[in-house]
Amino acid sequence: MYLDNAATTPVRREVIEAMLPYLRGAFGNPSSHHEVGEQAASALADARARVAAVLGVRTGDVIFTSGGTEGNNLAVKGIALGAMLARGRRHVVTTGIEHESILESVAALQRLHGFEATVLDVDDTGRVSPDAVAATLREDTALVTLGYANNETGTVQDVHAIAAVATAARVPLHLDAVQAAGWLPLSGTGADAITIAGHKLGAPKGIGATAIRGRIPVEPILHGGGQERGRRSGTEDVAGAVGLATALELAEAERAASAARVGAARDAFVAAVLAAVPSAALTGHPIERLPATASFTFAGTSGEAVLLELERRGIVSSSGSACAAGSDEPSHVLVAMGIAPEVAQTAVRFTFPHDLTVDLGPVAAAVAASVAAVRSAT
């Protein structure tokens, strides 16, 4: 059983079928001024409009990217550098639990362009206070950037309140919605920029989108042919864009039903694990969390050893972000939430698919057996 859907999801059949015409007959370069190129350009424009409709933005605000990492780099660096060049602003605000693509982009702004950064603390559930955000905003603040929902714990931020304080201060807000897409509303958040990635939604790896409101100056981070209205050069992946639009529409149409069904199954699973494993602790917010995410620490064990035991029993999960896989360091997310590094290294994350229908009781039993096996071996 594959329970690592926060890392990636299988490509949906409907997505493959929608993409095929643009991998075969209508395979043209959308910048080419002939019939095959114009077919591709038309499909690209249609995909852009469909993505914009789900995100609640103007069609021209959507920039197709290679995925979440590029999209976050474009939003963070592009908006911050645009504000620096247009208004001399050199201050950004984020939190200590963000995806590496945000934290490293902020670090690059500091290292290469002399920016100051305020990295806000979160509470022990992984939430940042809107009041704390408001207190950091300055005349020279170029951007507030944070995750809509955390990729390790599933904790959901109070984005509407954060957007309100950013808007009042006339500071752009960027949301990394890579994990939130398909589970939470993407329109009406109040954000000025938002990033999504196709492979979290049933589209292929290598396609994503970042929407940035047209009034915000953006400095491109890729230069060349001037595609995407000059904001992201490079020949567009037309088939990927069509696949992303299809997957996003399907996920949005199914979102309410999937969230209710999967959320109920997750709650039963969490209760069963906590009852069966006395040392287990749920990480993240107990209520304000993604419906598909359950992350635990198992003090006195090794998270990697528990994962191996689970895989022996036919269950695939993870210890946290796939982007940090192989690192010996404890999760920066859990440590920022006040969890001791040695406990953070015992974390195991289970993330469920949109079409989950099976009983998770046997999985909870397998978790308990795996933890017991690791303990007996040490």
# chains A, B, ... in the order shown; residues from 1 in each chain; ligands from 1

$ residues_around --residues "segment 219-235 of chain A" --least-positions-apart "4" --cutoff "12 Å" --atoms "only C-alpha atoms" --output "JSON, numbers by chain"
{"A": [28, 29, 30, 31, 32, 37, 40, 41, 44, 45, 48, 59, 60, 61, 62, 63, 64, 65, 66, 70, 71, 72, 73, 74, 75, 76, 77, 78, 79, 80, 81, 82, 83, 84, 85, 86, 105, 209, 210, 211, 212, 214, 239, 240, 241]}

$ select_by_dssp --residues "segment 28-121 of chain A" --states "helix (DSSP H, G or I)" --output "short mmCIF file (atom, residue, chain, number, x, y, z; two decimals) with N, CA and C atoms, in the first residue's frame"
data_model
loop_
_atom_site.label_atom_id
_atom_site.label_comp_id
_atom_site.auth_asym_id
_atom_site.auth_seq_id
_atom_site.Cartn_x
_atom_site.Cartn_y
_atom_site.Cartn_z
N GLU A 35 0.76 25.99 -38.64
CA GLU A 35 -0.44 25.32 -38.14
C GLU A 35 -0.16 24.43 -36.94
N VAL A 36 0.93 23.65 -36.97
CA VAL A 36 1.22 22.74 -35.86
C VAL A 36 1.55 23.54 -34.59
N GLY A 37 2.31 24.63 -34.77
CA GLY A 37 2.62 25.47 -33.63
C GLY A 37 1.38 26.17 -33.08
N GLU A 38 0.50 26.60 -33.95
CA GLU A 38 -0.71 27.29 -33.50
C GLU A 38 -1.65 26.35 -32.77
N GLN A 39 -1.67 25.07 -33.16
CA GLN A 39 -2.46 24.09 -32.41
C GLN A 39 -1.93 23.98 -30.98
N ALA A 40 -0.62 23.93 -30.86
CA ALA A 40 -0.02 23.85 -29.53
C ALA A 40 -0.29 25.12 -28.73
N ALA A 41 -0.19 26.28 -29.38
CA ALA A 41 -0.43 27.55 -28.69
C ALA A 41 -1.86 27.64 -28.19
N SER A 42 -2.80 27.14 -28.99
CA SER A 42 -4.20 27.16 -28.59
C SER A 42 -4.43 26.26 -27.37
N ALA A 43 -3.80 25.09 -27.36
CA ALA A 43 -3.93 24.18 -26.22
C ALA A 43 -3.31 24.78 -24.97
N LEU A 44 -2.19 25.46 -25.15
CA LEU A 44 -1.51 26.10 -24.01
C LEU A 44 -2.38 27.21 -23.43
N ALA A 45 -2.97 28.01 -24.29
CA ALA A 45 -3.84 29.09 -23.83
C ALA A 45 -5.05 28.54 -23.09
N ASP A 46 -5.62 27.46 -23.61
CA ASP A 46 -6.77 26.85 -22.96
C ASP A 46 -6.38 26.30 -21.58
N ALA A 47 -5.22 25.63 -21.50
CA ALA A 47 -4.77 25.10 -20.21
C ALA A 47 -4.53 26.23 -19.21
N ARG A 48 -3.97 27.33 -19.68
CA ARG A 48 -3.71 28.46 -18.80
C ARG A 48 -5.03 29.01 -18.23
N ALA A 49 -6.02 29.14 -19.08
CA ALA A 49 -7.32 29.64 -18.63
C ALA A 49 -7.97 28.71 -17.62
N ARG A 50 -7.82 27.40 -17.83
CA ARG A 50 -8.42 26.43 -16.90
C ARG A 50 -7.73 26.46 -15.55
N VAL A 51 -6.41 26.56 -15.54
CA VAL A 51 -5.67 26.67 -14.28
C VAL A 51 -6.05 27.97 -13.57
N ALA A 52 -6.13 29.06 -14.31
CA ALA A 52 -6.49 30.35 -13.72
C ALA A 52 -7.86 30.30 -13.06
N ALA A 53 -8.81 29.60 -13.68
CA ALA A 53 -10.16 29.52 -13.13
C ALA A 53 -10.16 28.84 -11.76
N VAL A 54 -9.38 27.78 -11.61
CA VAL A 54 -9.33 27.08 -10.31
C VAL A 54 -8.59 27.94 -9.28
N LEU A 55 -7.55 28.63 -9.69
CA LEU A 55 -6.78 29.46 -8.76
C LEU A 55 -7.47 30.78 -8.44
N THR A 59 -6.19 35.00 -16.33
CA THR A 59 -5.46 34.05 -17.17
C THR A 59 -4.00 34.46 -17.35
N GLY A 60 -3.76 35.74 -17.56
CA GLY A 60 -2.40 36.22 -17.78
C GLY A 60 -1.51 36.15 -16.56
N ASP A 61 -2.08 35.89 -15.38
CA ASP A 61 -1.28 35.79 -14.16
C ASP A 61 -0.56 34.45 -14.05
N GLY A 68 7.11 22.66 -8.23
CA GLY A 68 7.06 23.47 -7.02
C GLY A 68 8.34 24.20 -6.71
N THR A 69 9.47 23.54 -6.88
CA THR A 69 10.75 24.19 -6.54
C THR A 69 11.01 25.38 -7.43
N GLU A 70 10.86 25.22 -8.74
CA GLU A 70 11.05 26.36 -9.63
C GLU A 70 10.01 27.44 -9.36
N GLY A 71 8.77 27.01 -9.14
CA GLY A 71 7.71 27.98 -8.90
C GLY A 71 7.96 28.81 -7.65
N ASN A 72 8.42 28.18 -6.58
CA ASN A 72 8.74 28.92 -5.36
C ASN A 72 9.93 29.84 -5.57
N ASN A 73 10.95 29.37 -6.29
CA ASN A 73 12.09 30.22 -6.61
C ASN A 73 11.65 31.45 -7.40
N LEU A 74 10.79 31.24 -8.39
CA LEU A 74 10.32 32.35 -9.20
C LEU A 74 9.55 33.35 -8.36
N ALA A 75 8.65 32.86 -7.52
CA ALA A 75 7.83 33.77 -6.71
C ALA A 75 8.68 34.53 -5.70
N VAL A 76 9.52 33.80 -4.97
CA VAL A 76 10.31 34.45 -3.90
C VAL A 76 11.35 35.39 -4.49
N LYS A 77 12.19 34.88 -5.36
CA LYS A 77 13.25 35.72 -5.93
C LYS A 77 12.67 36.76 -6.89
N GLY A 78 11.73 36.32 -7.73
CA GLY A 78 11.19 37.23 -8.73
C GLY A 78 10.47 38.41 -8.14
N ILE A 79 9.60 38.16 -7.15
CA ILE A 79 8.86 39.27 -6.54
C ILE A 79 9.78 40.14 -5.70
N ALA A 80 10.67 39.51 -4.91
CA ALA A 80 11.58 40.28 -4.06
C ALA A 80 12.50 41.17 -4.90
N LEU A 81 13.08 40.61 -5.97
CA LEU A 81 13.97 41.40 -6.82
C LEU A 81 13.20 42.48 -7.57
N GLY A 82 11.97 42.16 -7.96
CA GLY A 82 11.14 43.18 -8.60
C GLY A 82 10.88 44.35 -7.67
N ALA A 83 10.61 44.06 -6.39
CA ALA A 83 10.38 45.12 -5.40
C ALA A 83 11.66 45.90 -5.12
N MET A 84 12.79 45.20 -5.14
CA MET A 84 14.07 45.87 -4.93
C MET A 84 14.35 46.86 -6.07
N LEU A 85 14.15 46.41 -7.29
CA LEU A 85 14.44 47.26 -8.44
C LEU A 85 13.45 48.41 -8.58
N ALA A 86 12.17 48.13 -8.24
CA ALA A 86 11.15 49.16 -8.43
C ALA A 86 11.07 50.13 -7.26
N ARG A 87 11.30 49.62 -6.04
CA ARG A 87 11.05 50.45 -4.85
C ARG A 87 12.20 50.44 -3.85
N GLU A 100 12.41 23.68 1.58
CA GLU A 100 13.77 24.14 1.28
C GLU A 100 13.80 25.11 0.10
N SER A 101 12.89 24.97 -0.84
CA SER A 101 12.90 25.86 -2.00
C SER A 101 12.57 27.29 -1.62
N ILE A 102 11.84 27.49 -0.55
CA ILE A 102 11.60 28.83 -0.04
C ILE A 102 12.77 29.30 0.81
N LEU A 103 13.18 28.47 1.76
CA LEU A 103 14.26 28.89 2.67
C LEU A 103 15.55 29.16 1.91
N GLU A 104 15.88 28.32 0.93
CA GLU A 104 17.12 28.54 0.18
C GLU A 104 17.00 29.74 -0.77
N SER A 105 15.80 30.01 -1.27
CA SER A 105 15.62 31.21 -2.09
C SER A 105 15.81 32.46 -1.25
N VAL A 106 15.26 32.45 -0.03
CA VAL A 106 15.46 33.59 0.86
C VAL A 106 16.95 33.75 1.19
N ALA A 107 17.63 32.63 1.46
CA ALA A 107 19.06 32.70 1.75
C ALA A 107 19.85 33.26 0.57
N ALA A 108 19.45 32.90 -0.65
CA ALA A 108 20.13 33.42 -1.84
C ALA A 108 19.94 34.93 -1.96
N LEU A 109 18.74 35.42 -1.63
CA LEU A 109 18.51 36.87 -1.66
C LEU A 109 19.41 37.58 -0.66
N GLN A 110 19.59 36.96 0.51
CA GLN A 110 20.49 37.56 1.51
C GLN A 110 21.94 37.54 1.03
N ARG A 111 22.35 36.42 0.51
CA ARG A 111 23.76 36.22 0.15
C ARG A 111 24.16 37.05 -1.08
N LEU A 112 23.29 37.09 -2.06
CA LEU A 112 23.65 37.68 -3.34
C LEU A 112 23.18 39.11 -3.53
N HIS A 113 22.13 39.51 -2.80
CA HIS A 113 21.52 40.81 -3.08
C HIS A 113 21.35 41.68 -1.84
#

$ closest_residue --among "A:Thr293, A:Thr94, A:Thr195, A:Ser258" --to "Thr153 of chain A" --atoms "only C-alpha atoms"
A:Thr293

$ atom_distance --atom1 "atom CA of Thr141 of chain A" --atom2 "atom CA of Arg90 of chain A"
6.4 Å

$ residues_around --residues "Arg255 of chain A" --least-positions-apart "2" --cutoff "8 Å" --atoms "only C-alpha atoms" --output "count of residues only"
9

$ residues_around --residues "segment 198-203 of chain A" --least-positions-apart "4" --cutoff "9 Å" --atoms "only C-alpha atoms" --output "number ranges by chain"
A: 5-13, 15-16, 66-68, 178-179, 181-182, 207-209, 240-241, 243-248, 250-251, 354

$ residues_around --residues "Leu290 of chain A" --least-positions-apart "4" --cutoff "7 Å" --atoms "only C-alpha atoms" --output "list in words"
Gly154, Thr155, Val156 and Trp183 of chain A

$ residues_around --residues "Val273 of chain A" --least-positions-apart "6" --cutoff "8 Å" --atoms "only C-alpha atoms" --output "mmCIF file with N, CA, C and O atoms, in the first residue's frame"
data_model
loop_
_atom_site.group_PDB
_atom_site.id
_atom_site.type_symbol
_atom_site.label_atom_id
_atom_site.label_comp_id
_atom_site.auth_asym_id
_atom_site.auth_seq_id
_atom_site.Cartn_x
_atom_site.Cartn_y
_atom_site.Cartn_z
ATOM 1 N N ALA A 280 3.661 6.966 20.875
ATOM 2 C CA ALA A 280 3.391 7.724 19.650
ATOM 3 C C ALA A 280 2.850 9.109 19.983
ATOM 4 O O ALA A 280 2.056 9.278 20.914
ATOM 5 N N ALA A 364 -2.792 0.614 10.776
ATOM 6 C CA ALA A 364 -2.489 0.997 12.154
ATOM 7 C C ALA A 364 -1.891 -0.174 12.925
ATOM 8 O O ALA A 364 -0.929 -0.006 13.698
ATOM 9 N N ALA A 365 -2.433 -1.377 12.689
ATOM 10 C CA ALA A 365 -1.880 -2.565 13.346
ATOM 11 C C ALA A 365 -0.458 -2.833 12.884
ATOM 12 O O ALA A 365 0.411 -3.214 13.685
ATOM 13 N N VAL A 367 1.644 -0.571 11.872
ATOM 14 C CA VAL A 367 2.486 0.453 12.489
ATOM 15 C C VAL A 367 2.886 0.002 13.892
ATOM 16 O O VAL A 367 4.069 0.061 14.276
ATOM 17 N N ALA A 368 1.911 -0.455 14.670
ATOM 18 C CA ALA A 368 2.201 -0.911 16.024
ATOM 19 C C ALA A 368 3.185 -2.075 16.020
ATOM 20 O O ALA A 368 4.129 -2.111 16.821
#
